[in-house]
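Participant: Below is one structure. I have some questions about it.
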Amino acid sequence: MAEKHATSTTDSPTWHARDTAATLQKTGSSATGLNQQEAAARKGQFGANLLPSSPPPGLGLIFLHQFLSPLIYILLAAAVISLAIGEFTDAGFIAAVILLNAALGTFQEWKAEKNAAALRNLLKTNCRVRRDGAVTTISAEELVPGDIVLLESGARVPADLRLLEVRGLAIDESLLSGESQAILKQTEPVANGCSLNERSCMAFAGSNVAQGRGTGVVVATGLHTEVGHIATAVAETAGSKPPLVIRMERFARQVSYLVLAFVTLLGAVAFWQGTPFSDVFLMAVALAVSSIPEGLPVAMTVALSIATTRMARRNVIVRRLTAVEGLGSCTCIASDKTGTLTVNRQTVRRIWLPSGASFQVQGEGYDGTGNVQRSTGGEPDPQEQQQLLRLAQAGILCNEASLKFTLGEWVHSGDTMDIALLSLAHKLGLDPEAEMSQATLLADIPFESELRYAARFLHTDQPCCIVKGAVEQVLNFCRQMQGPDGPCPLDILEVEGETLRLAHAGYRVLAIATGSVDSSPEAPLSQQDIPELTLLGLVGFIDPLRPEAVEAIATCRKAGVRVVMVTGDHPATALGIARELGLAREDTDLVSGAQLDQLEADEEAFRQQIAQARVFARVSPLQKLQIVDALNQSGHFTAVTGDGVNDAPALRRAHIGVAMGSGTDVAKETASIIVADDNFSSIVAGIEEGRIAYDNIRKVVYLLISTGGAEIALFGLALLCGLPLPLGAVQLLWLNLVTNGIQDVALAFEHREPGGMTRPPRAPGEGMFNRLMIQQTLISGLAMGSLAFSTWAWLLHAGMAVETARNIVLLLMVLLQNVHVFNCRSERISAFRVPFHRNPLLILGVIAAQTVHILAMHLPVMQTVLDIAPVAWGDWFRLLGLAMILLLVMEGFKLVRTVGQRDPVQTD
């Protein structure tokens with residue numbers, strides 16, 4: 001039989017169009033379920049009901065990943081050349097820095113992977129099934145097509161099911177569709193080709209039962225489920241490179257071209273001057289070594305590691321170091337709504353009474369804290385308070401949920417709308433359990449999608465009927481409404497007008513009505529059993545904003561980061577939330593998935609619509625992917641946030657994928673950053689830390705490239721003037737890797753500069769070498785090179801031996817580096833205005849760099865390796881004074897630039 005039904009997991013698009021009898025026949029099952037033998041055979045055929053997940057990478061793989069960097073390629077090439085010409089000391093120095101960088105990066109990424117692994121858990125759950133005619137509990141992994149699964153409130157759907165029986169069943173499918181409302185289920189087939197959230201006779205793996213009970217037959221497991229299809233799409237979706245990787249690849253190419261050009265030019269000059277080819281080759285290697293920023297990989301890794309630690313303190317887990325800076329570079333955030341900008345908990349926010357009074361309900365989420373006030377301000381008067389209490393009592397009695405305060409926290413179960421009504425009751429001072437204990441349930445009509453209302457017959461002081469549901473349905477039973485002085489004639493136009501106003505503002509509106517009955521009705525009940533009712537009022541529900549979301553959006557706006565909402569929710573709801581957030585003002589700011597479908601054939605119109613819109617509603621996972629593609633193609637560095645399986649393809653395609661910590665494992669495994677507290681403001685904190693990290697990387701690049709440029713200027717001037725080479729290759733490595741290496745690592749610990757979150761993000765096309773970087777690098781490099789060359793030429797002219805003069809020039813270069821690091825603390829602000837306490841480690845680093853060099857001058861082993869000797873203290877102070885000229889030069893540059901500043905991107 002297993003072979004006969006082997007196609008049962010491959011034609012899932014048609015299951016919702018089949019009736020229950022045809023479904024059972026196709027799956028080879030029955031209402032009593034499979035027997036154990038058949039279930040075992042099918043498991044052998046279809047495999048376990050699991051989504052394949054890549055195991056966390058081992059230490060070895062993470063270590064090898066650290067070598068995938070353009071700068072590392074350059075260093076490896078330099079090491080190979082050094083080995084080829086017998087410069088083993090040079091090769092050893094370079095190998096040491098590469099290994100140190102790999103060790104630091106491995107530790108940070110391994111720690112991040114451990115944090116991310118702690119959040120994994122999607123389909124690992126138990127479920128109740130019928131096998132051999134009896135109900136038993138098994139692991140969801142053991143499910144096979146044809147199994148009969150029993151669902152109840154609070155359960156997680158373990159596989160894709162075609163529903164056979166339902167009783168008031170509603171399922172939260174937000175992880176797949178983005179729809180914040182639970183979907184009411186029924187058993188009749190629906191049209192083939194309808195959208196996912198319209199397949200009301202299906203239950204999908206990973207979704208949660210909000211209320212009611214149901215029975216379904218498994219039609220798809222594992223990769224063949226809707227969740228599995230998205231997981232497959234994620235695996236096949238090409239990811240985008242983080243902004244830092246793009247910029248560093250461009251930077252590495254620029255450095256390589258510059259090195260090749262200078263080395264070739266100076267080598268040609270030397271050869272033309274009659275220098276032997278072997279000496280020219282050694283000089284070329286020395287120049288290459290001097291110009292390659294060997295310390296940059298380590299310093300960059302340290303800067304990103306520091307940012308990773310800082311971000312972890314702010315509830316942002318970074319899984320890849322290069323993603324740290326990505327948030328700082330992003331120019332657009334495409335954010336999910338449900339669970340990201342909102343709390344994903346339905347809340348009563350508005351109440352309208354037939355007297356015309358409107359009320360605002362404070363508080364959000366599933367708890368009983370908050371109060372009710374008039375929309376115009378002030379407390380309800382006694383008559384209004386009585387009307388509110390009567391409305392809330394009706395909401396308690398026509399309710400299947402529970403909400404209670406236990407052991408210091410609010411515990412809830414049931415349908416989200418019912419929980420919200422119980423929360424309202426608590427806010428008005430009512431005790432739902434006490435109210436229910438005073439009533440006797442006589443009969444009920446469960447909420448069904450066809451009926452669009454629920455009714456309960458109860459005995460309180462006397463028999464009564466309470467109905468809640470869609471306004472137009474409830475009004476069919478009403479002949480009057482509750483006024484301040486008692487029942488009065490029903491004004492349908494007034495009620496419908498208020499309903500439209502609430503719906504336009506994004507609220508889901510329910511009406512609640514009550515009426516007396518003469519006696520207990522007899523089952524089965526129908527619409528004819530409902531008596532004439534009195535309308536008690538309208539209740540407006542909404543999934544409220546996270547309290548910090550509005551401020552976070554405003555901060556993004558100040559930082560020049562565009563924020564768009566992308567959701568599967570209803571357009572009216574999405575637009576209402578967007579208006580509260582300040583994301584949208586006009587109806588034209590919203591685009592629906594249906595509108596995008598109409599534009600799909602016109603690529604240019606589609607791209608223009610994406611560029612203009614701020615809210616995208618009722619979009620499918622594929623459309624969300626298309627939106628991200630359009631944003632990327634328009635030149636944005638895009639960050640995508642989300643928590644559902646439906647978000648995963650877009651998370652992968654974005655430059656930076658940001659998953660919510662409470663979201664699905666598929667989303668978290670796809671994203672490069674995880675926000676542990678689901679707080680949108682944490683994303684903004686990540687943007688700030690990313691900008692700090694990039695600023696610090698620029699400072700390190702500035703320090704290393706300018707000192708490398710100084711060495712090239714020193715060599716070039718010496719060569720053009722026919723003087724010996726001022727420094728040996730090992731001395732250059734000592735400068736670049738040890739003395740300068742200590743300082744550049746300390747420079748990576750700089751804290752934020754003022755105004756970091758008030759200037760626009762860098763243009764996506766802007767490389768590491770923008771106009772400012774080129775100016776300051778050239779000026780400082782030429783200043784250092786000129787000071788060192790002047791000293792070198794003067795010493796040789798004074799008759800000093802070449803080795804002794806090299807010792808003096810090497811010390812001067814170390815001192816110049818010590819001074820220059822203070823210029824690098826800010827590209828905009830005077831070194832004298834940047835407080836030392838903001839980075840005490842840098843002061844220690846400068847002292848350590850100088851101390852290490854002084855010790856090397858006195859240690860015999862280092863004297864031999866570096867060909868250096870001690871220098872008198874008087875000479876040391878004179879060289880320090882000479883190095884201080886560099887500080888004055890750069891202060892002058894900053895002063896002139898500040899006076900003539902015209903570029904707002906570069907100012908604070």
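Scheme for the structure tokens: letters A, B, ... for chains in order shown; per-chain residue numbers from 1; ligand numbers from 1 in order shown.
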Would you mind listing what lies within 8 Å of Leu525 (chain A) as a PyMOL selection string, with only C-alpha atoms counted and same-chain residues fewer than 3 positions away left out?
Facilitator: chain A and resi 443-445+521-522+528-529
Participant: Could you take the residues named above and write them with all heavy atoms, as a compact mmCIF listing (two decimals), in the first residue's frame?
Facilitator:
# COMPACT_ATOMS: atom_id res chain seq x y z
N ALA A 443 -26.66 26.15 26.08
CA ALA A 443 -26.36 25.67 24.72
C ALA A 443 -25.52 26.72 24.03
O ALA A 443 -25.39 27.86 24.49
CB ALA A 443 -27.65 25.41 23.95
N ASP A 444 -24.90 26.34 22.91
CA ASP A 444 -24.10 27.33 22.18
C ASP A 444 -24.07 27.02 20.70
O ASP A 444 -24.35 25.90 20.26
CB ASP A 444 -22.69 27.43 22.74
CG ASP A 444 -21.86 26.19 22.46
OD1 ASP A 444 -22.45 25.14 22.15
OD2 ASP A 444 -20.62 26.26 22.55
N ILE A 445 -23.75 28.04 19.92
CA ILE A 445 -23.49 27.91 18.49
C ILE A 445 -22.05 28.36 18.29
O ILE A 445 -21.74 29.56 18.39
CB ILE A 445 -24.44 28.80 17.66
CG1 ILE A 445 -25.90 28.42 17.92
CG2 ILE A 445 -24.11 28.68 16.17
CD1 ILE A 445 -26.89 29.31 17.20
N PRO A 521 -33.19 26.45 24.86
CA PRO A 521 -33.39 25.91 23.51
C PRO A 521 -32.99 24.44 23.45
O PRO A 521 -32.21 23.95 24.28
CB PRO A 521 -32.48 26.77 22.65
CG PRO A 521 -31.40 27.21 23.58
CD PRO A 521 -32.04 27.36 24.93
N GLU A 522 -33.46 23.77 22.45
CA GLU A 522 -33.13 22.36 22.27
C GLU A 522 -32.14 22.23 21.11
O GLU A 522 -32.26 22.88 20.09
CB GLU A 522 -34.40 21.56 21.96
CG GLU A 522 -35.40 21.54 23.11
CD GLU A 522 -36.61 20.70 22.78
OE1 GLU A 522 -36.63 20.10 21.69
OE2 GLU A 522 -37.54 20.64 23.61
N GLN A 528 -32.45 30.36 13.66
CA GLN A 528 -33.84 30.64 14.04
C GLN A 528 -34.05 30.63 15.55
O GLN A 528 -35.04 31.17 16.05
CB GLN A 528 -34.78 29.63 13.38
CG GLN A 528 -35.02 29.86 11.89
CD GLN A 528 -33.78 29.59 11.05
OE1 GLN A 528 -33.00 28.68 11.36
NE2 GLN A 528 -33.59 30.38 10.00
N ASP A 529 -33.10 30.02 16.29
CA ASP A 529 -33.25 29.96 17.74
C ASP A 529 -32.82 31.25 18.43
O ASP A 529 -33.06 31.44 19.62
CB ASP A 529 -32.42 28.79 18.31
CG ASP A 529 -32.97 27.46 17.86
OD1 ASP A 529 -34.13 27.17 18.16
OD2 ASP A 529 -32.21 26.70 17.20
Participant: Which residue is closest to Pro484 (chain A)? Choose from A:Ala805, A:Leu810, A:Met884, A:Leu536 and count only C-alpha atoms.
Facilitator: A:Leu536
Participant: So, counting only C-alpha atoms, which residue among A:Arg390, A:Lys668, A:His570, A:Lys404 is closest to Gly483 (chain A)?
Facilitator: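 Result for the nearest residue to Gly483 (chain A): A:Arg390.
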Participant: Set the distance at 8 Å and use only C-alpha atoms: which residues neighbour region 691-699 of chain A once local chain neighbours fewer than 2 positions away are removed? I'd like the list as a PyMOL selection string.
Facilitator: chain A and resi 299-300+303-304+307+324-325+327-329+687-689+701-703+747-753+756+768+824-827
Participant: Suppose you want the space between CA of Phe822 (chain A) and CA of Arg310 (chain A); what is it in Å?
Facilitator: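 Result for CA of Phe822 (chain A) versus CA of Arg310 (chain A): 23.3 Å, one decimal.
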Participant: Let me make sure I understand: among A:Val619, A:Ile774, A:Ala420, A:Cys556, which one has the smallest atom-to-atom distance to Gly686 (chain A) if we use only C-alpha atoms?
Facilitator: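 Nearest to Gly686 (chain A): A:Cys556.
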Participant: Go ahead and compute the interatomic distance for CA of Thr136 (chain A) and CA of Val149 (chain A), in Å to one decimal.
Facilitator: 9.8 Å
Participant: Which polymer residues have any atom within 12 Å of an atom of Ser30 (chain A), counting only C-alpha atoms, with same-chain residues fewer than 3 positions away left out, as a list in words?
Facilitator: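 That gives Thr20, Ala21, Ala22, Thr23, Leu24, Gln25, Lys26, Thr27, Gly33, Leu34, Asn35, Arg130, Arg131, Asp132, Gly133, Pro145, Gly146, Asp147, Ile148, Val149, Leu164, Thr215, Gly216, Val217 and Val218 of chain A.
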Participant: If we count only C-alpha atoms, what is near Leu538 (chain A) at a cut-off of 10 Å, once residues fewer than 3 positions away on the same chain are taken out, given as a VMD selection string?
Facilitator: chain A and resid 350 to 354 358 391 468 to 471 495 498 to 499 502 509 to 513 535 541
